[in-house]
>>> print(open('protein_14.cif').read())   # mmCIF, C-alpha atoms
data_input
#
loop_
_atom_site.group_PDB
_atom_site.id
_atom_site.type_symbol
_atom_site.label_atom_id
_atom_site.label_comp_id
_atom_site.auth_asym_id
_atom_site.auth_seq_id
_atom_site.Cartn_x
_atom_site.Cartn_y
_atom_site.Cartn_z
ATOM 1 C CA MET A 24 234.302 -103.005 182.688
ATOM 2 C CA LYS A 25 231.435 -105.496 182.623
ATOM 3 C CA LEU A 26 229.492 -103.376 185.107
ATOM 4 C CA ALA A 27 230.007 -100.276 182.952
ATOM 5 C CA VAL A 28 228.704 -102.074 179.840
ATOM 6 C CA LEU A 29 225.697 -103.441 181.769
ATOM 7 C CA ALA A 30 224.899 -99.991 183.131
ATOM 8 C CA SER A 31 225.026 -98.437 179.660
ATOM 9 C CA ILE A 32 222.679 -101.144 178.270
ATOM 10 C CA VAL A 33 220.180 -100.583 181.080
ATOM 11 C CA GLY A 34 220.375 -96.834 180.519
ATOM 12 C CA CYS A 35 219.687 -97.221 176.791
ATOM 13 C CA ALA A 36 216.746 -99.531 177.482
ATOM 14 C CA THR A 37 215.101 -97.149 179.944
ATOM 15 C CA ALA A 38 215.416 -94.308 177.447
ATOM 16 C CA PHE A 39 212.857 -96.066 175.213
ATOM 17 C CA ALA A 40 210.529 -97.146 178.030
ATOM 18 C CA PRO A 41 207.215 -95.242 178.288
ATOM 19 C CA ALA A 42 207.107 -92.643 181.021
ATOM 20 C CA ASN A 43 204.426 -93.180 183.669
ATOM 21 C CA SER A 44 203.262 -89.677 184.502
ATOM 22 C CA GLY A 45 200.139 -90.846 186.330
ATOM 23 C CA VAL A 46 197.949 -88.691 184.016
ATOM 24 C CA ARG A 47 195.646 -90.303 181.452
ATOM 25 C CA SER A 48 195.527 -88.588 178.081
ATOM 26 C CA SER A 49 192.278 -87.235 176.652
ATOM 27 C CA THR A 50 192.529 -89.857 173.886
ATOM 28 C CA SER A 51 192.577 -92.648 176.468
ATOM 29 C CA LEU A 52 189.603 -91.152 178.268
ATOM 30 C CA SER A 53 187.525 -90.829 175.094
ATOM 31 C CA ALA A 54 188.506 -94.329 174.010
ATOM 32 C CA ALA A 55 187.271 -95.713 177.343
ATOM 33 C CA GLU A 56 183.852 -94.063 176.917
ATOM 34 C CA LYS A 57 181.649 -95.901 174.428
ATOM 35 C CA SER A 58 179.323 -94.440 171.819
ATOM 36 C CA GLN A 59 175.644 -94.413 172.770
ATOM 37 C CA ALA A 60 174.562 -95.269 169.211
ATOM 38 C CA LEU A 61 177.326 -97.825 168.569
ATOM 39 C CA PRO A 62 178.364 -99.276 171.951
ATOM 40 C CA PHE A 63 181.151 -101.352 170.372
ATOM 41 C CA LEU A 64 182.967 -98.174 169.229
ATOM 42 C CA PRO A 65 184.589 -95.349 171.227
ATOM 43 C CA LYS A 66 182.582 -92.162 171.646
ATOM 44 C CA PRO A 67 183.687 -89.504 169.095
ATOM 45 C CA ALA A 68 185.068 -86.655 171.175
ATOM 46 C CA ASN A 69 184.308 -83.886 168.661
ATOM 47 C CA LEU A 70 180.536 -84.422 168.882
ATOM 48 C CA GLU A 71 180.470 -83.412 172.537
ATOM 49 C CA GLY A 72 178.148 -80.497 173.309
ATOM 50 C CA TYR A 73 176.184 -80.582 170.027
ATOM 51 C CA VAL A 74 172.417 -81.031 170.078
ATOM 52 C CA GLY A 75 171.422 -84.554 169.028
ATOM 53 C CA ASP A 76 174.791 -86.118 169.895
ATOM 54 C CA VAL A 77 174.420 -89.876 170.365
ATOM 55 C CA GLY A 78 178.009 -90.654 169.441
ATOM 56 C CA PHE A 79 177.275 -91.662 165.851
ATOM 57 C CA ASP A 80 180.343 -91.021 163.728
ATOM 58 C CA PRO A 81 181.707 -94.464 162.800
ATOM 59 C CA LEU A 82 183.908 -93.056 160.011
ATOM 60 C CA LEU A 83 185.295 -90.327 162.326
ATOM 61 C CA ILE A 84 184.472 -87.643 159.781
ATOM 62 C CA SER A 85 184.473 -85.100 162.607
ATOM 63 C CA ASP A 86 188.210 -85.689 162.987
ATOM 64 C CA TYR A 87 188.840 -84.288 159.505
ATOM 65 C CA PHE A 88 186.299 -81.450 159.140
ATOM 66 C CA PRO A 89 185.116 -78.703 161.526
ATOM 67 C CA MET A 90 182.053 -79.844 163.478
ATOM 68 C CA ASP A 91 180.271 -76.522 162.860
ATOM 69 C CA TYR A 92 180.600 -77.087 159.109
ATOM 70 C CA LEU A 93 179.327 -80.665 159.383
ATOM 71 C CA ARG A 94 176.348 -79.581 161.480
ATOM 72 C CA GLU A 95 175.586 -76.773 159.003
ATOM 73 C CA ALA A 96 175.570 -79.323 156.166
ATOM 74 C CA GLU A 97 173.345 -81.719 158.104
ATOM 75 C CA ILE A 98 170.790 -79.047 158.940
ATOM 76 C CA LYS A 99 170.769 -77.701 155.370
ATOM 77 C CA HIS A 100 170.286 -81.131 153.801
ATOM 78 C CA GLY A 101 167.590 -81.966 156.329
ATOM 79 C CA ARG A 102 165.658 -78.770 155.601
ATOM 80 C CA ILE A 103 165.957 -79.281 151.838
ATOM 81 C CA CYS A 104 164.725 -82.875 152.096
ATOM 82 C CA MET A 105 161.752 -81.904 154.264
ATOM 83 C CA LEU A 106 160.692 -79.484 151.530
ATOM 84 C CA ALA A 107 161.619 -81.925 148.754
ATOM 85 C CA TRP A 108 159.590 -84.822 150.175
ATOM 86 C CA THR A 109 156.559 -82.573 150.636
ATOM 87 C CA GLY A 110 156.876 -81.177 147.111
ATOM 88 C CA PHE A 111 157.448 -84.578 145.506
ATOM 89 C CA ILE A 112 154.317 -86.039 147.117
ATOM 90 C CA ALA A 113 152.223 -82.918 146.479
ATOM 91 C CA VAL A 114 152.925 -82.936 142.736
ATOM 92 C CA ASP A 115 152.066 -86.610 142.411
ATOM 93 C CA MET A 116 148.813 -86.018 144.320
ATOM 94 C CA GLY A 117 147.739 -83.389 141.787
ATOM 95 C CA ALA A 118 149.012 -80.081 143.184
ATOM 96 C CA LYS A 119 149.587 -77.523 140.405
ATOM 97 C CA ILE A 120 150.683 -73.936 139.986
ATOM 98 C CA TYR A 121 148.504 -71.580 137.959
ATOM 99 C CA PRO A 122 148.732 -70.551 135.207
ATOM 100 C CA PHE A 123 149.884 -74.100 134.473
ATOM 101 C CA PRO A 124 152.427 -74.275 131.594
ATOM 102 C CA ALA A 125 151.412 -76.615 128.779
ATOM 103 C CA ALA A 126 154.928 -78.147 128.823
ATOM 104 C CA TYR A 127 154.267 -79.486 132.337
ATOM 105 C CA GLU A 128 151.072 -81.338 131.415
ATOM 106 C CA GLY A 129 151.190 -85.036 132.258
ATOM 107 C CA LEU A 130 154.480 -84.859 134.149
ATOM 108 C CA THR A 131 155.086 -86.674 137.413
ATOM 109 C CA SER A 132 157.699 -85.824 140.005
ATOM 110 C CA ALA A 133 159.922 -88.580 138.634
ATOM 111 C CA THR A 134 159.642 -87.521 134.972
ATOM 112 C CA ALA A 135 159.715 -83.760 135.513
ATOM 113 C CA HIS A 136 163.509 -83.348 135.632
ATOM 114 C CA ASP A 137 164.350 -84.252 132.033
ATOM 115 C CA ALA A 138 161.352 -82.360 130.651
ATOM 116 C CA LEU A 139 162.207 -79.205 132.611
ATOM 117 C CA VAL A 140 165.840 -79.344 131.483
ATOM 118 C CA THR A 141 164.606 -79.313 127.893
ATOM 119 C CA GLN A 142 162.079 -76.566 128.637
ATOM 120 C CA GLY A 143 164.700 -74.402 130.381
ATOM 121 C CA ALA A 144 163.242 -74.155 133.880
ATOM 122 C CA MET A 145 166.083 -76.129 135.487
ATOM 123 C CA GLY A 146 168.605 -73.577 134.257
ATOM 124 C CA GLN A 147 166.719 -70.849 136.098
ATOM 125 C CA LEU A 148 166.648 -72.972 139.248
ATOM 126 C CA LEU A 149 170.404 -73.507 138.998
ATOM 127 C CA LEU A 150 170.942 -69.748 138.751
ATOM 128 C CA PHE A 151 168.753 -68.784 141.721
ATOM 129 C CA ILE A 152 169.915 -71.612 143.965
ATOM 130 C CA GLY A 153 173.532 -70.828 143.063
ATOM 131 C CA LEU A 154 173.037 -67.203 144.137
ATOM 132 C CA ALA A 155 171.439 -68.335 147.406
ATOM 133 C CA GLU A 156 174.360 -70.690 148.057
ATOM 134 C CA MET A 157 176.921 -67.928 147.472
ATOM 135 C CA LEU A 158 175.126 -65.595 149.858
ATOM 136 C CA SER A 159 174.778 -68.289 152.527
ATOM 137 C CA TRP A 160 178.487 -69.025 152.282
ATOM 138 C CA LEU A 161 179.256 -65.556 153.626
ATOM 139 C CA ALA A 162 177.524 -66.498 156.888
ATOM 140 C CA ILE A 163 179.173 -69.934 156.976
ATOM 141 C CA ALA A 164 182.655 -68.531 156.306
ATOM 142 C CA GLY A 165 182.182 -66.031 159.129
ATOM 143 C CA MET A 166 181.086 -68.829 161.459
ATOM 144 C CA LEU A 167 184.193 -70.891 160.651
ATOM 145 C CA GLN A 168 186.328 -67.841 161.405
ATOM 146 C CA GLY A 169 184.792 -67.421 164.862
ATOM 147 C CA SER A 170 181.863 -65.033 164.378
ATOM 148 C CA GLY A 171 179.863 -66.872 167.055
ATOM 149 C CA ARG A 172 177.029 -67.767 164.677
ATOM 150 C CA GLU A 173 175.397 -71.129 165.356
ATOM 151 C CA PRO A 174 175.203 -73.673 162.500
ATOM 152 C CA GLY A 175 172.004 -73.286 160.506
ATOM 153 C CA ASP A 176 171.094 -69.936 162.057
ATOM 154 C CA PHE A 177 170.154 -67.328 159.444
ATOM 155 C CA GLY A 178 168.081 -65.252 161.863
ATOM 156 C CA LEU A 179 164.885 -66.392 160.140
ATOM 157 C CA ASP A 180 162.179 -66.865 162.781
ATOM 158 C CA PRO A 181 159.289 -64.563 161.802
ATOM 159 C CA LEU A 182 156.780 -66.473 163.966
ATOM 160 C CA LYS A 183 159.089 -66.353 167.023
ATOM 161 C CA MET A 184 158.857 -70.115 167.513
ATOM 162 C CA LEU A 185 162.331 -70.558 169.022
ATOM 163 C CA PRO A 186 162.075 -70.424 172.842
ATOM 164 C CA LYS A 187 164.273 -67.971 174.705
ATOM 165 C CA ASP A 188 165.493 -70.486 177.280
ATOM 166 C CA LYS A 189 168.300 -72.876 176.318
ATOM 167 C CA GLU A 190 166.407 -76.041 177.280
ATOM 168 C CA GLY A 191 163.405 -75.144 175.146
ATOM 169 C CA ALA A 192 165.578 -74.007 172.241
ATOM 170 C CA ASP A 193 167.638 -77.210 172.323
ATOM 171 C CA LYS A 194 164.451 -79.285 172.336
ATOM 172 C CA LEU A 195 163.160 -77.522 169.209
ATOM 173 C CA LYS A 196 166.545 -77.838 167.501
ATOM 174 C CA LEU A 197 166.570 -81.568 168.267
ATOM 175 C CA GLN A 198 163.111 -81.931 166.749
ATOM 176 C CA GLU A 199 164.305 -80.213 163.581
ATOM 177 C CA LEU A 200 167.378 -82.455 163.409
ATOM 178 C CA LYS A 201 165.384 -85.657 163.842
ATOM 179 C CA ASN A 202 162.773 -84.627 161.284
ATOM 180 C CA GLY A 203 165.541 -83.596 158.883
ATOM 181 C CA ARG A 204 167.366 -86.912 159.283
ATOM 182 C CA LEU A 205 164.137 -88.804 158.694
ATOM 183 C CA ALA A 206 163.352 -86.633 155.662
ATOM 184 C CA MET A 207 166.741 -87.417 154.079
ATOM 185 C CA LEU A 208 165.957 -91.120 154.295
ATOM 186 C CA ALA A 209 162.325 -90.604 153.271
ATOM 187 C CA PHE A 210 163.155 -88.567 150.167
ATOM 188 C CA SER A 211 165.729 -91.132 149.040
ATOM 189 C CA GLY A 212 163.126 -93.851 149.517
ATOM 190 C CA VAL A 213 160.273 -92.079 147.786
ATOM 191 C CA VAL A 214 162.354 -91.234 144.695
ATOM 192 C CA THR A 215 163.643 -94.804 144.450
ATOM 193 C CA GLN A 216 160.174 -96.289 144.859
ATOM 194 C CA SER A 217 158.669 -93.866 142.345
ATOM 195 C CA VAL A 218 161.217 -94.774 139.659
ATOM 196 C CA LEU A 219 161.048 -98.508 140.343
ATOM 197 C CA THR A 220 157.254 -98.745 140.209
ATOM 198 C CA GLY A 221 156.586 -96.041 137.619
ATOM 199 C CA ASN A 222 153.400 -95.239 139.545
ATOM 200 C CA GLY A 223 152.209 -92.224 141.487
ATOM 201 C CA PHE A 224 151.606 -91.886 145.198
ATOM 202 C CA PRO A 225 151.756 -94.175 147.224
ATOM 203 C CA TYR A 226 154.212 -95.697 144.703
ATOM 204 C CA THR A 227 153.085 -99.300 145.013
ATOM 205 C CA PHE A 228 153.317 -101.911 142.280
#
>>> encode(input="protein_14.cif", output="structure tokens")
Amino acid sequence: MKLAVLASIVGCATAFAPANSGVRSSTSLSAAEKSQALPFLPKPANLEGYVGDVGFDPLLISDYFPMDYLREAEIKHGRICMLAWTGFIAVDMGAKIYPFPAAYEGLTSATAHDALVTQGAMGQLLLFIGLAEMLSWLAIAGMLQGSGREPGDFGLDPLKMLPKDKEGADKLKLQELKNGRLAMLAFSGVVTQSVLTGNGFPYTF
């Protein structure tokens, strides 16, 4: 009787013991490999194969959203900020459009927003940018449904600058990513400095 009870206890205990299959899971493998950018954290598995991947995703956002969508957003924000930084500096260095509206006289990049809301120009911008966003979403939605489109690719390359070979194309894409990332930081900095100092370029006290 005692042997039967002991055998049943051992059997119950082994039922909850982890099975040793001899095969490491993909999670264990990715956890063992460290991030290049943050060596104290595991390498995010979802970034694998994307241009510019240095394993930087400390919040693991790529675990909750499709990587193609995240890359699309990064490229779009980078492109916008490259244009925005250039435009912000150009206006404060005296660049103007002609004929120059009287309502714009004396405005700086930092003070233009409120004045243009009152004048009505910002409403027009909202309309045109909204239309562009709706049209671009058609391409993005198709990409997320498996159309094969690459993030950020709208087929716009009139000067044929993108190399045909993969190595050359990836190099150019990496350059765009790095410049876009820098521009996002630069635009945030230039707006902050402009408002804090109240002065024009180079926004020093």
>>> resolve_selection(input="protein_14.cif", expression="the PyMOL selection byres ((chain A and resi 64) around 10)", output="mmCIF file with C-alpha atoms, in the coordinates of the input")
data_model
loop_
_atom_site.group_PDB
_atom_site.id
_atom_site.type_symbol
_atom_site.label_atom_id
_atom_site.label_comp_id
_atom_site.auth_asym_id
_atom_site.auth_seq_id
_atom_site.Cartn_x
_atom_site.Cartn_y
_atom_site.Cartn_z
ATOM 1 C CA ALA A 54 188.506 -94.329 174.010
ATOM 2 C CA ALA A 55 187.271 -95.713 177.343
ATOM 3 C CA GLU A 56 183.852 -94.063 176.917
ATOM 4 C CA LYS A 57 181.649 -95.901 174.428
ATOM 5 C CA SER A 58 179.323 -94.440 171.819
ATOM 6 C CA GLN A 59 175.644 -94.413 172.770
ATOM 7 C CA ALA A 60 174.562 -95.269 169.211
ATOM 8 C CA LEU A 61 177.326 -97.825 168.569
ATOM 9 C CA PRO A 62 178.364 -99.276 171.951
ATOM 10 C CA PHE A 63 181.151 -101.352 170.372
ATOM 11 C CA PRO A 65 184.589 -95.349 171.227
ATOM 12 C CA LYS A 66 182.582 -92.162 171.646
ATOM 13 C CA PRO A 67 183.687 -89.504 169.095
ATOM 14 C CA GLY A 78 178.009 -90.654 169.441
ATOM 15 C CA PHE A 79 177.275 -91.662 165.851
ATOM 16 C CA ASP A 80 180.343 -91.021 163.728
ATOM 17 C CA PRO A 81 181.707 -94.464 162.800
#
>>> residues_around(input="protein_14.cif", residues="Glu199 (chain A)", least_positions_apart="3", cutoff="12 Å", atoms="all atoms listed in the file", output="MDAnalysis selection string")
chainID A and resid 74:75 97:105 175 185 192:196 202:206
>>> write_last_selection(input="protein_14.cif", atoms="C-alpha atoms", output="short mmCIF file (atom, residue, chain, number, x, y, z; two decimals), in the coordinates of the input")
data_model
loop_
_atom_site.label_atom_id
_atom_site.label_comp_id
_atom_site.auth_asym_id
_atom_site.auth_seq_id
_atom_site.Cartn_x
_atom_site.Cartn_y
_atom_site.Cartn_z
CA VAL A 74 172.42 -81.03 170.08
CA GLY A 75 171.42 -84.55 169.03
CA GLU A 97 173.34 -81.72 158.10
CA ILE A 98 170.79 -79.05 158.94
CA LYS A 99 170.77 -77.70 155.37
CA HIS A 100 170.29 -81.13 153.80
CA GLY A 101 167.59 -81.97 156.33
CA ARG A 102 165.66 -78.77 155.60
CA ILE A 103 165.96 -79.28 151.84
CA CYS A 104 164.72 -82.88 152.10
CA MET A 105 161.75 -81.90 154.26
CA GLY A 175 172.00 -73.29 160.51
CA LEU A 185 162.33 -70.56 169.02
CA ALA A 192 165.58 -74.01 172.24
CA ASP A 193 167.64 -77.21 172.32
CA LYS A 194 164.45 -79.28 172.34
CA LEU A 195 163.16 -77.52 169.21
CA LYS A 196 166.54 -77.84 167.50
CA ASN A 202 162.77 -84.63 161.28
CA GLY A 203 165.54 -83.60 158.88
CA ARG A 204 167.37 -86.91 159.28
CA LEU A 205 164.14 -88.80 158.69
CA ALA A 206 163.35 -86.63 155.66
#
>>> resolve_selection(input="protein_14.cif", expression="the PyMOL selection byres ((chain A and resi 111) around 10)", output="JSON, numbers by chain")
{"A": [104, 106, 107, 108, 109, 110, 112, 113, 114, 115, 116, 118, 131, 132, 133, 210, 213, 214, 217, 224]}
>>> write_last_selection(input="protein_14.cif", atoms="C-alpha atoms", output="CSV table (one decimal), in the coordinates of the input")
chain,number,residue,atom,x,y,z
A,104,CYS,CA,164.7,-82.9,152.1
A,106,LEU,CA,160.7,-79.5,151.5
A,107,ALA,CA,161.6,-81.9,148.8
A,108,TRP,CA,159.6,-84.8,150.2
A,109,THR,CA,156.6,-82.6,150.6
A,110,GLY,CA,156.9,-81.2,147.1
A,112,ILE,CA,154.3,-86.0,147.1
A,113,ALA,CA,152.2,-82.9,146.5
A,114,VAL,CA,152.9,-82.9,142.7
A,115,ASP,CA,152.1,-86.6,142.4
A,116,MET,CA,148.8,-86.0,144.3
A,118,ALA,CA,149.0,-80.1,143.2
A,131,THR,CA,155.1,-86.7,137.4
A,132,SER,CA,157.7,-85.8,140.0
A,133,ALA,CA,159.9,-88.6,138.6
A,210,PHE,CA,163.2,-88.6,150.2
A,213,VAL,CA,160.3,-92.1,147.8
A,214,VAL,CA,162.4,-91.2,144.7
A,217,SER,CA,158.7,-93.9,142.3
A,224,PHE,CA,151.6,-91.9,145.2
>>> atom_distance(input="protein_14.cif", atom1="CA of Glu95 (chain A)", atom2="CA of Leu150 (chain A)")
21.9 Å
>>> atom_distance(input="protein_14.cif", atom1="CA of Gln147 (chain A)", atom2="CA of Leu161 (chain A)")
22.2 Å
>>> residues_near_point(input="protein_14.cif", point="(160.2, -74.4, 124.1)", cutoff="12 Å", atoms="all atoms listed in the file", output="list of chain:residue names")
A:Pro124, A:Ala125, A:Ala126, A:Tyr127, A:Ala138, A:Leu139, A:Val140, A:Thr141, A:Gln142, A:Gly143, A:Ala144
>>> closest_residue(input="protein_14.cif", among="A:Asp76, A:Asp91, A:Asp86, A:Glu71", to="Gln168 (chain A)", atoms="all atoms listed in the file")
A:Asp91
>>> atom_distance(input="protein_14.cif", atom1="CA of Phe228 (chain A)", atom2="CA of Phe123 (chain A)")
29.1 Å
>>> resolve_selection(input="protein_14.cif", expression="the PyMOL selection byres ((chain A and resi 177) around 12)", output="number ranges by chain")
A: 95, 98-99, 158-163, 166, 172-176, 178-181
